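Take a look at the structure set out below.
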Amino acid sequence: AAIVVDAENGVTLEAVVIGKNSKTQDISKWTHYPNFAVLRLKDADKKERAEIARSAMEYLCDIPYMVTIGLYPMKYSELNMTRGTQCAHLVWLAYAAHGYDIDSDNGLIVTPCDILKSDLFEVVQVYGMG
């Protein structure tokens, strides 16, 4: 899971792998995956979506990967207090900080599937998925 932080230049913010901090990447890397979905927050204008992306870049870039986030420490923290994240958690926290809980099952751990099933998103594009 990733959040687009600069659509014009094709830049995403991601928590990629254990042992590495979250970072920006080129969106083209997703074309090498066997499946993906592009989602957009429903009923939010471009300005609001841009603010979510801006705050994600400011507070969630260069955060350590933490596979246990949600179990320990708790899933939600203020953006400026985040000690660790994983891919879906990073995306969820960016939206949660702006009042959007995109975790469709409200579990302790948020997964990419939880985000995909969120009623708060509309599907923009799907590749390789039913």
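Chain labels A, B, ... are given in the sequence in which chains occur in the structure tokens; within each chain residues are numbered consecutively from 1, and ligands are likewise numbered from 1 in the order shown.
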* **Which of segment 17-130 of chain A fall in helix (DSSP H, G or I), as a PyMOL selection string** => chain A and resi 27-32+46-60+79-81+87-96+112-116
Selection above as a file: N, CA and C atoms, as a CSV table (one decimal), in the first residue's frame:
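Okay, result_35.csv is ready:
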chain,number,residue,atom,x,y,z
A,27,ILE,N,6.1,6.1,-8.9
A,27,ILE,CA,4.8,5.3,-9.0
A,27,ILE,C,4.9,4.2,-10.1
A,28,SER,N,5.9,4.3,-11.0
A,28,SER,CA,6.0,3.3,-12.1
A,28,SER,C,6.3,1.9,-11.5
A,29,LYS,N,6.9,1.8,-10.3
A,29,LYS,CA,7.2,0.5,-9.8
A,29,LYS,C,6.0,-0.4,-9.7
A,30,TRP,N,4.8,0.2,-9.5
A,30,TRP,CA,3.6,-0.5,-9.4
A,30,TRP,C,3.2,-1.3,-10.7
A,31,THR,N,3.8,-0.9,-11.8
A,31,THR,CA,3.5,-1.6,-13.1
A,31,THR,C,4.1,-2.9,-13.1
A,32,HIS,N,5.0,-3.2,-12.2
A,32,HIS,CA,5.7,-4.5,-12.2
A,32,HIS,C,5.0,-5.5,-11.2
A,46,LYS,N,-9.9,18.2,-4.5
A,46,LYS,CA,-8.4,18.1,-4.8
A,46,LYS,C,-7.6,18.7,-3.6
A,47,LYS,N,-8.1,19.9,-3.1
A,47,LYS,CA,-7.4,20.6,-2.1
A,47,LYS,C,-7.3,19.7,-0.8
A,48,GLU,N,-8.4,19.1,-0.4
A,48,GLU,CA,-8.3,18.2,0.8
A,48,GLU,C,-7.4,17.0,0.6
A,49,ARG,N,-7.5,16.4,-0.6
A,49,ARG,CA,-6.6,15.3,-0.9
A,49,ARG,C,-5.1,15.7,-0.8
A,50,ALA,N,-4.8,16.9,-1.4
A,50,ALA,CA,-3.5,17.4,-1.4
A,50,ALA,C,-3.0,17.7,0.0
A,51,GLU,N,-3.9,18.1,0.9
A,51,GLU,CA,-3.5,18.4,2.3
A,51,GLU,C,-3.1,17.1,3.0
A,52,ILE,N,-3.9,16.0,2.8
A,52,ILE,CA,-3.6,14.7,3.3
A,52,ILE,C,-2.2,14.2,2.9
A,53,ALA,N,-1.9,14.4,1.6
A,53,ALA,CA,-0.6,14.0,1.0
A,53,ALA,C,0.5,14.9,1.6
A,54,ARG,N,0.3,16.2,1.8
A,54,ARG,CA,1.3,17.0,2.3
A,54,ARG,C,1.6,16.7,3.7
A,55,SER,N,0.6,16.4,4.6
A,55,SER,CA,0.9,16.1,6.0
A,55,SER,C,1.5,14.7,6.1
A,56,ALA,N,1.2,13.8,5.2
A,56,ALA,CA,1.8,12.5,5.1
A,56,ALA,C,3.3,12.6,4.9
A,57,MET,N,3.7,13.5,3.9
A,57,MET,CA,5.1,13.7,3.6
A,57,MET,C,5.8,14.4,4.8
A,58,GLU,N,5.2,15.3,5.4
A,58,GLU,CA,5.8,16.0,6.5
A,58,GLU,C,6.1,15.1,7.7
A,59,TYR,N,5.1,14.3,8.0
A,59,TYR,CA,5.2,13.5,9.3
A,59,TYR,C,5.4,12.0,9.1
A,60,LEU,N,5.2,11.4,8.0
A,60,LEU,CA,5.3,10.0,7.9
A,60,LEU,C,6.5,9.5,7.0
A,79,LEU,N,0.4,12.3,14.2
A,79,LEU,CA,1.3,12.2,13.2
A,79,LEU,C,2.7,12.5,13.6
A,80,ASN,N,2.9,13.5,14.4
A,80,ASN,CA,4.2,13.9,14.8
A,80,ASN,C,4.8,13.1,15.9
A,81,MET,N,4.1,12.1,16.4
A,81,MET,CA,4.5,11.2,17.5
A,81,MET,C,4.7,9.7,17.0
A,87,CYS,N,3.2,-0.7,5.6
A,87,CYS,CA,2.6,-0.1,4.4
A,87,CYS,C,1.2,0.4,4.5
A,88,ALA,N,0.3,-0.5,4.9
A,88,ALA,CA,-1.1,-0.1,5.1
A,88,ALA,C,-1.4,0.9,6.2
A,89,HIS,N,-0.6,0.7,7.3
A,89,HIS,CA,-0.7,1.6,8.4
A,89,HIS,C,-0.4,3.0,8.0
A,90,LEU,N,0.7,3.2,7.3
A,90,LEU,CA,1.1,4.5,6.8
A,90,LEU,C,-0.1,5.2,6.1
A,91,VAL,N,-0.7,4.5,5.1
A,91,VAL,CA,-1.8,5.1,4.4
A,91,VAL,C,-3.0,5.4,5.3
A,92,TRP,N,-3.3,4.4,6.2
A,92,TRP,CA,-4.4,4.6,7.1
A,92,TRP,C,-4.2,5.8,8.0
A,93,LEU,N,-3.0,5.9,8.6
A,93,LEU,CA,-2.7,7.0,9.5
A,93,LEU,C,-2.8,8.3,8.8
A,94,ALA,N,-2.3,8.4,7.6
A,94,ALA,CA,-2.4,9.7,6.8
A,94,ALA,C,-3.9,10.2,6.7
A,95,TYR,N,-4.8,9.2,6.5
A,95,TYR,CA,-6.2,9.6,6.4
A,95,TYR,C,-6.8,9.7,7.7
A,96,ALA,N,-6.5,8.9,8.7
A,96,ALA,CA,-7.1,9.0,10.0
A,96,ALA,C,-6.8,10.3,10.7
A,112,PRO,N,-3.7,-3.9,3.5
A,112,PRO,CA,-4.1,-3.4,2.3
A,112,PRO,C,-5.6,-3.8,1.9
A,113,CYS,N,-6.0,-5.0,2.2
A,113,CYS,CA,-7.3,-5.5,1.9
A,113,CYS,C,-8.3,-4.7,2.7
A,114,ASP,N,-8.0,-4.3,3.9
A,114,ASP,CA,-9.0,-3.5,4.7
A,114,ASP,C,-9.2,-2.1,4.0
A,115,ILE,N,-8.1,-1.6,3.5
A,115,ILE,CA,-8.2,-0.3,2.8
A,115,ILE,C,-9.0,-0.5,1.5
A,116,LEU,N,-8.7,-1.5,0.7
A,116,LEU,CA,-9.4,-1.8,-0.5
A,116,LEU,C,-10.9,-1.9,-0.3
Excluding Lys42 of chain A and residues on its chain fewer than 5 positions from it, collect all residues at most 9 Å away from it, counting only C-alpha atoms, and give them as a PDB file with N, CA and C atoms, in the first residue's frame.
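What follows is the written file result04.pdb:
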ATOM      1  N   ASP A 119     -15.478   1.750   2.347  1.00  0.00           N
ATOM      2  CA  ASP A 119     -16.548   2.465   1.652  1.00  0.00           C
ATOM      3  C   ASP A 119     -16.197   3.930   1.386  1.00  0.00           C
ATOM      4  N   LEU A 120     -15.101   4.405   1.970  1.00  0.00           N
ATOM      5  CA  LEU A 120     -14.724   5.806   1.803  1.00  0.00           C
ATOM      6  C   LEU A 120     -13.968   6.067   0.501  1.00  0.00           C
ATOM      7  N   PHE A 121     -13.628   4.995  -0.223  1.00  0.00           N
ATOM      8  CA  PHE A 121     -12.881   5.142  -1.468  1.00  0.00           C
ATOM      9  C   PHE A 121     -13.717   4.757  -2.668  1.00  0.00           C
ATOM     10  N   GLU A 122     -13.376   5.372  -3.792  1.00  0.00           N
ATOM     11  CA  GLU A 122     -13.901   4.939  -5.083  1.00  0.00           C
ATOM     12  C   GLU A 122     -12.730   4.345  -5.858  1.00  0.00           C
TER      13      GLU A 122
END
* Which is closer to Met66 of chain A than all the others in A:Leu39, A:Val16, A:Ala44, A:Val11, using only C-alpha atoms? ->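 Closest residue, counting only C-alpha atoms: A:Val16.
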* To do: Would you list the contacts of segment 67-74 of chain A as a ChimeraX atom specification, taking every protein, DNA or RNA residue within 10 Å and counting only C-alpha atoms, but skipping same-chain residues closer than 2 positions in sequence?
  => /A:17-18,64-65,76-77,82-87,89,107-110
* Asked: atom CA of Asp105 of chain A and atom CA of Lys75 of chain A, how far apart in Å?
  ->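 Calculated distance between atom CA of Lys75 of chain A and atom CA of Asp105 of chain A is 13.3 Å.
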